[in-house]
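coords15.cif (mmCIF, C-alpha atoms and all ligand atoms)
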data_protein
loop_
_atom_site.label_atom_id
_atom_site.label_comp_id
_atom_site.auth_asym_id
_atom_site.auth_seq_id
_atom_site.Cartn_x
_atom_site.Cartn_y
_atom_site.Cartn_z
CA MET A 1 0.00 0.00 0.00
CA ALA A 2 1.22 3.49 -0.86
CA PHE A 3 1.35 5.99 1.97
CA LYS A 4 2.83 9.42 2.40
CA ARG A 5 6.14 10.05 4.10
CA ILE A 6 7.26 13.06 6.11
CA SER A 7 8.97 14.53 3.05
CA ASP A 8 5.56 14.61 1.32
CA LEU A 9 4.23 16.98 4.02
CA GLY A 10 6.41 19.77 2.62
CA ASP A 11 7.90 22.67 4.54
CA LEU A 12 7.01 22.48 8.23
CA THR A 13 8.52 25.83 9.23
CA GLY A 14 6.55 27.23 12.14
CA LYS A 15 4.35 24.16 12.15
CA THR A 16 3.67 21.51 14.75
CA ALA A 17 3.54 17.83 13.90
CA VAL A 18 1.37 15.65 16.11
CA VAL A 19 3.35 12.40 16.17
CA ARG A 20 1.95 9.09 17.46
CA VAL A 21 4.87 7.12 18.89
CA ASP A 22 5.47 4.03 21.00
CA LEU A 23 6.76 5.02 24.45
CA ASN A 24 5.86 1.74 26.14
CA VAL A 25 9.34 1.31 27.58
CA PRO A 26 10.07 -0.98 30.50
CA MET A 27 10.53 1.02 33.71
CA ALA A 28 11.64 0.06 37.20
CA ASP A 29 11.30 2.54 40.09
CA GLY A 30 10.64 5.37 37.65
CA VAL A 31 13.78 4.68 35.61
CA VAL A 32 13.74 3.54 31.97
CA THR A 33 15.53 0.17 31.83
CA ASP A 34 15.62 -0.29 28.04
CA ASP A 35 15.51 2.71 25.70
CA THR A 36 15.14 0.81 22.38
CA ARG A 37 11.70 2.33 21.79
CA LEU A 38 12.94 5.83 22.64
CA GLN A 39 15.73 5.44 20.07
CA ALA A 40 13.07 4.56 17.49
CA VAL A 41 11.45 8.00 17.99
CA LYS A 42 14.58 9.94 17.04
CA PRO A 43 14.54 9.61 13.21
CA THR A 44 11.05 11.14 12.98
CA VAL A 45 11.72 13.93 15.48
CA ASP A 46 14.90 14.73 13.55
CA ALA A 47 13.07 14.68 10.20
CA VAL A 48 10.36 17.04 11.53
CA ALA A 49 13.05 19.36 12.92
CA ALA A 50 14.93 19.26 9.61
CA ALA A 51 11.72 20.32 7.84
CA GLY A 52 11.48 23.25 10.28
CA GLY A 53 8.76 21.93 12.56
CA ARG A 54 8.38 20.76 16.12
CA SER A 55 6.96 17.50 17.44
CA VAL A 56 4.15 16.95 19.91
CA LEU A 57 4.17 13.28 20.85
CA LEU A 58 1.10 11.18 21.56
CA ALA A 59 1.52 7.76 23.15
CA HIS A 60 -0.12 5.35 25.51
CA TYR A 61 1.51 3.67 28.47
CA GLY A 62 0.22 0.44 29.98
CA ARG A 63 -3.50 -0.24 30.23
CA PRO A 64 -5.15 2.42 32.41
CA LYS A 65 -8.46 1.71 30.64
CA GLY A 66 -9.74 5.24 30.27
CA THR A 67 -9.01 6.59 33.74
CA VAL A 68 -6.11 8.54 35.20
CA VAL A 69 -3.69 6.09 36.83
CA PRO A 70 -0.78 8.16 38.20
CA GLU A 71 1.65 5.19 38.05
CA MET A 72 1.04 5.08 34.30
CA SER A 73 1.94 8.71 33.67
CA LEU A 74 4.38 9.37 30.82
CA LYS A 75 6.06 12.15 32.81
CA PRO A 76 8.89 9.95 34.17
CA ILE A 77 10.15 9.15 30.67
CA VAL A 78 10.71 12.79 29.69
CA GLY A 79 14.30 12.92 30.98
CA ALA A 80 15.35 9.69 29.31
CA LEU A 81 13.72 10.78 26.05
CA ALA A 82 15.54 14.14 26.13
CA ASP A 83 18.86 12.27 26.57
CA VAL A 84 18.16 9.99 23.61
CA LEU A 85 16.89 12.80 21.36
CA GLY A 86 19.55 15.31 22.35
CA ARG A 87 16.82 17.98 22.49
CA SER A 88 14.88 19.60 25.27
CA VAL A 89 11.57 17.84 25.87
CA GLY A 90 8.53 19.40 27.54
CA PHE A 91 5.47 17.70 29.02
CA ALA A 92 1.81 18.65 28.88
CA GLU A 93 -1.69 17.41 29.53
CA LEU A 94 -4.49 17.91 27.05
CA GLY A 95 -5.95 21.39 27.73
CA ASP A 96 -2.65 22.86 28.98
CA GLU A 97 -0.90 25.50 26.95
CA LEU A 98 1.93 23.70 25.18
CA PRO A 99 5.38 24.44 26.62
CA ASP A 100 7.82 26.19 24.32
CA ALA A 101 10.04 23.18 23.51
CA PRO A 102 11.08 21.50 20.24
CA VAL A 103 9.54 18.27 21.52
CA VAL A 104 6.55 17.90 23.85
CA VAL A 105 5.29 14.63 25.35
CA MET A 106 1.55 14.58 25.96
CA GLU A 107 0.18 12.62 28.91
CA ASN A 108 -0.93 8.98 28.35
CA THR A 109 -3.60 8.87 25.63
CA ARG A 110 -5.31 5.96 27.40
CA PHE A 111 -6.16 8.18 30.39
CA PHE A 112 -9.13 9.16 28.17
CA ALA A 113 -11.98 6.70 27.66
CA GLY A 114 -12.32 7.95 24.08
CA GLU A 115 -8.89 6.71 23.03
CA GLU A 116 -9.72 3.00 22.73
CA LYS A 117 -13.20 3.86 21.40
CA ASN A 118 -11.70 5.74 18.45
CA ASP A 119 -13.79 8.71 19.59
CA PRO A 120 -13.85 11.50 16.96
CA GLU A 121 -14.19 14.22 19.62
CA LEU A 122 -11.03 13.12 21.41
CA ALA A 123 -9.31 12.77 18.04
CA ALA A 124 -10.30 16.38 17.28
CA ARG A 125 -8.70 17.54 20.55
CA PHE A 126 -5.52 15.64 19.65
CA ALA A 127 -5.60 17.06 16.12
CA ALA A 128 -5.96 20.62 17.49
CA LEU A 129 -2.46 20.27 18.97
CA GLY A 130 -0.83 20.66 15.57
CA ASP A 131 -0.95 21.14 11.82
CA VAL A 132 -0.02 17.69 10.50
CA TYR A 133 -0.26 14.12 11.81
CA ILE A 134 2.51 11.52 11.65
CA ASN A 135 2.05 7.94 12.79
CA ASP A 136 5.32 6.35 13.86
CA ALA A 137 3.90 3.59 16.06
CA PHE A 138 3.59 0.42 13.99
CA SER A 139 3.18 -1.54 17.22
CA ALA A 140 -0.10 0.31 17.91
CA ALA A 141 -1.34 0.32 14.30
CA HIS A 142 -3.47 -2.81 14.69
CA ARG A 143 -5.81 -0.87 16.96
CA ALA A 144 -8.27 1.69 15.60
CA HIS A 145 -7.89 4.23 18.40
CA ALA A 146 -8.40 8.00 18.48
CA SER A 147 -4.65 8.66 18.35
CA THR A 148 -3.96 6.06 15.62
CA GLU A 149 -7.02 6.11 13.35
CA ALA A 150 -9.64 8.84 13.81
CA ILE A 151 -6.99 11.58 14.03
CA ALA A 152 -5.53 10.60 10.66
CA ARG A 153 -8.75 11.72 8.99
CA LEU A 154 -8.52 15.21 10.47
CA LEU A 155 -5.05 16.39 9.42
CA PRO A 156 -2.65 15.95 6.49
CA CYS A 157 -0.89 12.74 7.49
CA ALA A 158 2.16 10.59 6.86
CA ALA A 159 4.00 7.54 8.14
CA GLY A 160 6.97 8.34 10.39
CA GLU A 161 10.53 7.26 9.62
CA THR A 162 10.55 4.18 11.87
CA MET A 163 7.12 3.03 10.79
CA GLY A 164 7.94 3.71 7.14
CA ALA A 165 11.08 1.57 7.39
CA GLU A 166 9.12 -1.18 9.10
CA LEU A 167 6.38 -1.16 6.45
CA ALA A 168 8.96 -1.24 3.66
CA ALA A 169 10.78 -4.20 5.25
CA LEU A 170 7.55 -6.09 5.83
CA ASP A 171 6.44 -5.45 2.28
CA LYS A 172 9.65 -7.00 0.96
CA ALA A 173 9.00 -10.07 3.09
CA LEU A 174 5.34 -10.79 2.34
CA GLY A 175 3.90 -8.03 0.17
CA ALA A 176 6.08 -8.37 -2.90
CA PRO A 177 8.77 -10.87 -1.88
CA GLN A 178 11.38 -12.71 -3.88
CA HIS A 179 10.54 -16.41 -4.05
CA PRO A 180 11.09 -19.00 -2.72
CA VAL A 181 9.62 -17.60 0.49
CA THR A 182 9.92 -19.64 3.69
CA ALA A 183 7.96 -19.00 6.87
CA VAL A 184 8.90 -20.39 10.26
CA VAL A 185 5.96 -20.53 12.62
CA GLY A 186 6.66 -21.89 16.06
CA GLY A 187 5.85 -21.19 19.67
CA ALA A 188 3.51 -22.77 22.10
CA LYS A 189 0.08 -23.06 20.57
CA VAL A 190 -1.62 -23.45 17.21
CA SER A 191 -4.69 -21.68 18.61
CA SER A 192 -2.83 -18.36 19.00
CA LYS A 193 -1.58 -18.43 15.42
CA LEU A 194 -4.36 -20.12 13.44
CA ALA A 195 -5.04 -17.10 11.26
CA VAL A 196 -1.30 -16.74 10.61
CA LEU A 197 -0.99 -20.36 9.44
CA GLU A 198 -4.13 -20.09 7.32
CA HIS A 199 -2.83 -16.99 5.56
CA LEU A 200 0.76 -18.16 5.13
CA VAL A 201 -0.04 -21.43 3.36
CA GLU A 202 -1.53 -19.30 0.58
CA GLN A 203 1.52 -17.02 0.41
CA VAL A 204 4.72 -18.96 0.99
CA ASP A 205 6.56 -21.78 -0.74
CA HIS A 206 7.77 -23.47 2.44
CA LEU A 207 6.10 -23.48 5.85
CA ILE A 208 8.26 -24.74 8.70
CA ILE A 209 6.16 -25.59 11.74
CA GLY A 210 8.03 -25.91 15.02
CA GLY A 211 7.66 -25.58 18.76
CA GLY A 212 4.70 -26.88 20.71
CA MET A 213 2.36 -26.29 17.79
CA ALA A 214 4.21 -28.89 15.71
CA ASN A 215 2.98 -31.50 18.20
CA THR A 216 -0.62 -30.75 17.29
CA PHE A 217 0.18 -31.33 13.62
CA LEU A 218 2.07 -34.56 14.37
CA PHE A 219 -0.86 -35.76 16.50
CA ALA A 220 -3.34 -34.86 13.74
CA GLN A 221 -1.36 -37.05 11.35
CA GLY A 222 -1.60 -40.03 13.69
CA TYR A 223 1.69 -39.76 15.59
CA ARG A 224 1.77 -40.32 19.33
CA VAL A 225 2.97 -37.22 21.19
CA GLY A 226 2.98 -38.66 24.72
CA ALA A 227 2.90 -35.97 27.42
CA SER A 228 3.79 -33.14 25.03
CA LEU A 229 1.98 -29.82 24.83
CA CYS A 230 -0.70 -30.57 22.23
CA GLU A 231 -4.10 -29.14 21.32
CA LYS A 232 -5.89 -32.37 20.46
CA ASP A 233 -9.20 -30.57 19.82
CA LEU A 234 -7.53 -28.79 16.88
CA LYS A 235 -6.88 -32.03 15.01
CA ASP A 236 -9.33 -31.27 12.20
CA THR A 237 -8.16 -27.68 11.96
CA ALA A 238 -4.57 -28.86 11.60
CA LEU A 239 -5.52 -31.35 8.89
CA LYS A 240 -7.43 -28.65 7.02
CA ILE A 241 -4.38 -26.36 7.10
CA LEU A 242 -2.26 -29.21 5.68
CA ASP A 243 -4.86 -29.82 2.93
CA ASN A 244 -4.93 -26.13 2.04
CA ALA A 245 -1.15 -26.07 1.93
CA ALA A 246 -1.02 -29.04 -0.44
CA GLU A 247 -3.59 -27.40 -2.68
CA ALA A 248 -1.69 -24.10 -2.71
CA GLY A 249 1.63 -25.80 -3.48
CA CYS A 250 3.14 -24.91 -0.11
CA SER A 251 5.53 -27.54 1.32
CA VAL A 252 4.97 -28.01 5.04
CA HIS A 253 7.98 -29.13 7.08
CA LEU A 254 7.34 -30.85 10.38
CA PRO A 255 9.96 -32.41 12.67
CA THR A 256 11.08 -35.90 11.66
CA ASP A 257 13.04 -36.31 14.87
CA VAL A 258 12.50 -34.67 18.24
CA VAL A 259 14.23 -34.05 21.57
CA VAL A 260 12.16 -35.49 24.40
CA ALA A 261 12.38 -35.25 28.20
CA ARG A 262 10.26 -36.39 31.10
CA GLU A 263 10.49 -33.09 32.97
CA PHE A 264 9.80 -29.54 31.76
CA LYS A 265 12.99 -27.96 33.08
CA ALA A 266 16.46 -26.89 31.98
CA HIS A 267 19.00 -29.73 31.69
CA ALA A 268 16.33 -32.39 32.21
CA ASP A 269 17.50 -35.84 31.08
CA ASN A 270 16.69 -36.02 27.40
CA SER A 271 17.05 -38.10 24.28
CA ILE A 272 16.58 -37.83 20.55
CA LYS A 273 13.81 -39.92 19.06
CA ALA A 274 12.23 -40.37 15.66
CA ALA A 275 8.94 -38.45 15.51
CA ASP A 276 7.06 -41.76 15.32
CA ALA A 277 8.76 -43.25 18.38
CA VAL A 278 7.61 -40.94 21.19
CA ALA A 279 6.66 -42.78 24.39
CA ASP A 280 3.68 -42.00 26.64
CA ALA A 281 5.76 -40.23 29.31
CA ASP A 282 7.83 -38.22 26.79
CA MET A 283 7.48 -34.50 26.31
CA ILE A 284 8.67 -33.10 22.99
CA LEU A 285 10.69 -29.98 23.83
CA ASP A 286 12.68 -29.36 20.67
CA ALA A 287 13.24 -30.48 17.08
CA GLY A 288 16.07 -32.99 16.58
CA PRO A 289 19.33 -32.73 14.63
CA GLU A 290 18.06 -34.54 11.52
CA THR A 291 15.20 -32.03 11.31
CA VAL A 292 17.60 -29.11 11.77
CA LYS A 293 19.75 -30.40 8.92
CA ALA A 294 16.74 -30.66 6.62
CA LEU A 295 15.52 -27.19 7.59
CA LYS A 296 18.93 -25.66 6.91
CA ALA A 297 18.64 -27.08 3.40
CA VAL A 298 15.26 -25.35 3.04
CA LEU A 299 16.80 -22.03 4.10
CA ALA A 300 19.63 -22.56 1.63
CA VAL A 301 17.18 -22.56 -1.31
CA SER A 302 15.09 -19.68 0.05
CA LYS A 303 15.38 -16.01 -0.91
CA THR A 304 13.03 -14.68 1.76
CA LEU A 305 12.35 -15.74 5.35
CA VAL A 306 9.58 -14.66 7.72
CA TRP A 307 9.89 -15.99 11.26
CA ASN A 308 7.56 -15.97 14.24
CA GLY A 309 7.80 -18.39 17.14
CA PRO A 310 10.68 -20.49 18.48
CA MET A 311 11.33 -24.08 17.36
CA GLY A 312 11.38 -25.41 20.91
CA ALA A 313 11.35 -24.49 24.59
CA PHE A 314 14.35 -22.25 23.96
CA GLU A 315 14.38 -20.68 27.44
CA MET A 316 15.67 -24.01 28.82
CA GLU A 317 19.00 -25.44 27.72
CA PRO A 318 19.57 -27.69 25.86
CA PHE A 319 16.10 -27.35 24.30
CA ASP A 320 17.22 -24.16 22.58
CA ALA A 321 19.39 -26.11 20.12
CA ALA A 322 17.13 -26.20 17.05
CA THR A 323 16.06 -22.56 17.45
CA VAL A 324 19.68 -21.44 17.87
CA ALA A 325 20.98 -23.51 14.93
CA LEU A 326 18.26 -22.32 12.56
CA ALA A 327 18.59 -18.69 13.71
CA ARG A 328 22.34 -18.72 13.14
CA GLU A 329 21.94 -20.26 9.70
CA ALA A 330 19.40 -17.58 8.75
CA ALA A 331 21.75 -14.88 10.08
CA ARG A 332 24.69 -16.33 8.14
CA LEU A 333 22.74 -16.51 4.87
CA THR A 334 21.46 -12.96 5.42
CA ALA A 335 24.96 -11.62 6.11
CA GLU A 336 26.11 -13.32 2.88
CA GLY A 337 23.38 -11.48 0.97
CA ALA A 338 21.61 -14.71 0.01
CA LEU A 339 18.50 -14.22 2.17
CA LEU A 340 16.16 -11.42 3.21
CA SER A 341 15.06 -12.21 6.75
CA VAL A 342 12.31 -10.65 8.85
CA ALA A 343 11.34 -11.81 12.32
CA GLY A 344 8.97 -10.62 15.01
CA GLY A 345 7.24 -11.62 18.24
CA GLY A 346 8.27 -11.11 21.87
CA ASP A 347 9.71 -14.57 22.46
CA THR A 348 11.08 -14.81 18.93
CA VAL A 349 13.13 -11.63 19.32
CA ALA A 350 14.41 -12.92 22.68
CA ALA A 351 15.32 -16.26 21.08
CA LEU A 352 17.19 -14.61 18.20
CA ALA A 353 19.06 -12.39 20.65
CA HIS A 354 19.92 -15.49 22.71
CA ALA A 355 21.30 -17.10 19.54
CA GLY A 356 23.39 -14.00 18.77
CA ALA A 357 21.58 -13.85 15.43
CA LYS A 358 19.43 -10.76 15.87
CA ASP A 359 21.77 -8.13 14.44
CA ASP A 360 22.24 -10.01 11.16
CA PHE A 361 18.55 -10.30 10.36
CA THR A 362 17.39 -7.85 7.69
CA HIS A 363 14.60 -6.58 9.92
CA ILE A 364 13.43 -7.36 13.43
CA SER A 365 9.97 -6.16 14.37
CA THR A 366 9.51 -5.32 18.03
CA ALA A 367 5.74 -5.03 17.53
CA GLY A 368 3.91 -8.01 19.02
CA GLY A 369 0.21 -7.97 18.14
CA ALA A 370 0.65 -5.73 15.11
CA PHE A 371 3.33 -8.02 13.66
CA LEU A 372 1.09 -11.08 14.05
CA GLU A 373 -1.87 -9.31 12.46
CA TRP A 374 0.38 -8.31 9.59
CA MET A 375 1.41 -11.98 9.25
CA GLU A 376 -2.30 -12.78 9.06
CA GLY A 377 -2.43 -10.61 5.95
CA ARG A 378 -4.61 -7.95 7.54
CA LEU A 379 -4.44 -4.29 6.62
CA LEU A 380 -3.83 -2.59 9.97
CA PRO A 381 -6.30 0.27 10.66
CA GLY A 382 -3.53 2.67 11.67
CA VAL A 383 -1.77 2.02 8.36
CA ALA A 384 -4.96 2.08 6.28
CA ALA A 385 -5.83 5.50 7.72
CA LEU A 386 -2.63 6.96 6.27
CA GLY A 387 -3.64 5.97 2.72
P1 LIG B 401 6.23 -15.20 20.19
O1 LIG B 401 6.15 -14.45 21.52
O2 LIG B 401 7.53 -14.96 19.51
O3 LIG B 401 5.05 -14.93 19.31
P2 LIG B 401 5.09 -17.60 21.35
O4 LIG B 401 4.68 -16.83 22.56
O5 LIG B 401 4.04 -18.07 20.44
O6 LIG B 401 6.20 -16.78 20.54
O7 LIG B 401 5.86 -18.91 21.79
C1 LIG B 401 6.95 -18.94 22.65
C2 LIG B 401 6.82 -20.00 23.69
O8 LIG B 401 6.62 -21.30 23.14
C3 LIG B 401 8.09 -20.09 24.51
O9 LIG B 401 7.80 -19.78 25.85
C4 LIG B 401 8.53 -21.55 24.36
O10 LIG B 401 9.05 -22.09 25.54
C5 LIG B 401 7.24 -22.23 23.99
N1 LIG B 401 7.49 -23.52 23.35
C6 LIG B 401 8.13 -23.73 22.19
N2 LIG B 401 8.23 -25.05 21.93
C7 LIG B 401 7.62 -25.70 22.95
C8 LIG B 401 7.38 -27.08 23.23
N3 LIG B 401 7.81 -28.05 22.42
N4 LIG B 401 6.72 -27.37 24.37
C9 LIG B 401 6.30 -26.37 25.18
N5 LIG B 401 6.48 -25.06 24.96
C10 LIG B 401 7.15 -24.72 23.84
MG MG B 402 5.06 -14.90 23.33
#
In structure tokens, what does this structure look like?
Ligand code: ADP
Ligand code: MG
Amino acid sequence: MAFKRISDLGDLTGKTAVVRVDLNVPMADGVVTDDTRLQAVKPTVDAVAAAGGRSVLLAHYGRPKGTVVPEMSLKPIVGALADVLGRSVGFAELGDELPDAPVVVMENTRFFAGEEKNDPELAARFAALGDVYINDAFSAAHRAHASTEAIARLLPCAAGETMGAELAALDKALGAPQHPVTAVVGGAKVSSKLAVLEHLVEQVDHLIIGGGMANTFLFAQGYRVGASLCEKDLKDTALKILDNAAEAGCSVHLPTDVVVAREFKAHADNSIKAADAVADADMILDAGPETVKALKAVLAVSKTLVWNGPMGAFEMEPFDAATVALAREAARLTAEGALLSVAGGGDTVAALAHAGAKDDFTHISTAGGAFLEWMEGRLLPGVAALG
């Protein structure tokens, strides 16, 4: 989808840009403990400043559900944001006169009940803060809220620098990708990613299914999965996904060997078994080495990779092995220029970081829900509103 960028908004001299950003940073005792999301704000603030304008930032923090919850105020992040931006940053509540600063943080948008209701009146109050609207919060774009959707209809609007880069990277991975395209979908449950699987079988050439959800597919095909995590009630759903994949010409790759243990804990006694030789007391916690070898061969013939969900219970050694091996292979192929790789999801990003593979991926999305909805093939309301 085509959308405007900041450069399309023209000269912003003397103008104020209302910028929706993601300031949901982790904090402990009022101190920001990870400023990744603050760093992501800088390119847009710099671009607005370069065009002569100033930025008034809208963001939510936590889930105050439409009431004022003082512990969820955005005020404590102002200092850390000023450090990251290298500019003075003011703070205001809706209704205050805006402080005379190049950047102003507005109080938590979710202190207003109208935010999550996409209320046009609240959107109008937000819009009155400036002359143009920029959305730079991809992570919030799957919600039609006053500060992400309704406001975009009231002002000239554009995608911010960080969101624009994210949309461009995602488009290269699933919008108009180079084939063969491979998707890795793993994690705990099929039920949380049904729509993702259903969409991907229509889009990709290879679908690698790993993690706990692979057990459901193995079970559906008549394998015994013992004491493994498995959603037995999704048997028919799993078979339908496999049918659709076959019809669409998508090769589905399931584990042919697995790492099993009798206890769900790090360093539990474990063994490698063929996927059809799992005993009643066994829990499948990772894919086995034969599977990893076959999956590396799939990556080797792929031009594009989209990854969400770990291949095993990666938080517990040694059940991180398949995830780590596949992540490193993807990173190596990407660094060589042979693969375009995009990954997202809270646990997935943690797993790739654990593997030391994160920095070599083409693009890592830190958006959780928005990334999954994008993988489902949905047009996110916050993106659609910019069109
Ligand atoms: P993401 O946050 O990246 O979307 P998920 O939340 O869907 O990923 O899945 C991650 C979780 O899946 C991890 O906590 C991991 O331990 C769990 N998991 C992966 N494989 C298994 C397995 N075989 N058995 C139990 N849990 C698993
Ligand atoms: Mg998760």
- Message: Let me see if you get this right: every residue at most 10 Å from ligand LIG 401 (chain B), counting only C-alpha atoms and all ligand atoms, written as a VMD selection string.
- Response: chain A and resid 185 to 193 210 to 215 227 to 230 258 to 260 264 283 to 287 307 to 316 319 to 320 323 343 to 352 366 368 to 369 371 to 372
- Message: Would you pick out the contacts of Ser73 of chain A at 8 Å or less, using only C-alpha atoms, so that residues sharing its chain but fewer than 6 positions from it are not included, and give the list as a PyMOL selection string?
- Response: chain A and resi 61+107-108
- Message: Neighbouring residues of segment 97-103 of chain A were defined as those with any atom within 8 Å, considering only C-alpha atoms; residues of the same chain fewer than 5 positions away were excluded. Please report them as a VMD selection string.
- Response: chain A and resid 45 49 54 to 57 87 to 92
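The residue that comes closest to ligand MG 402 (chain B), out of A:Val181, A:Ala300, A:Ala367, A:Met375 and on the basis of only C-alpha atoms and all ligand atoms, is A:Ala367.
Compared by their closest atoms to Gln221 of chain A, and using all atoms listed in the file, the residues A:Asp276, A:Ala248, A:Asp131, A:Ala183 rank with A:Asp276 nearest.
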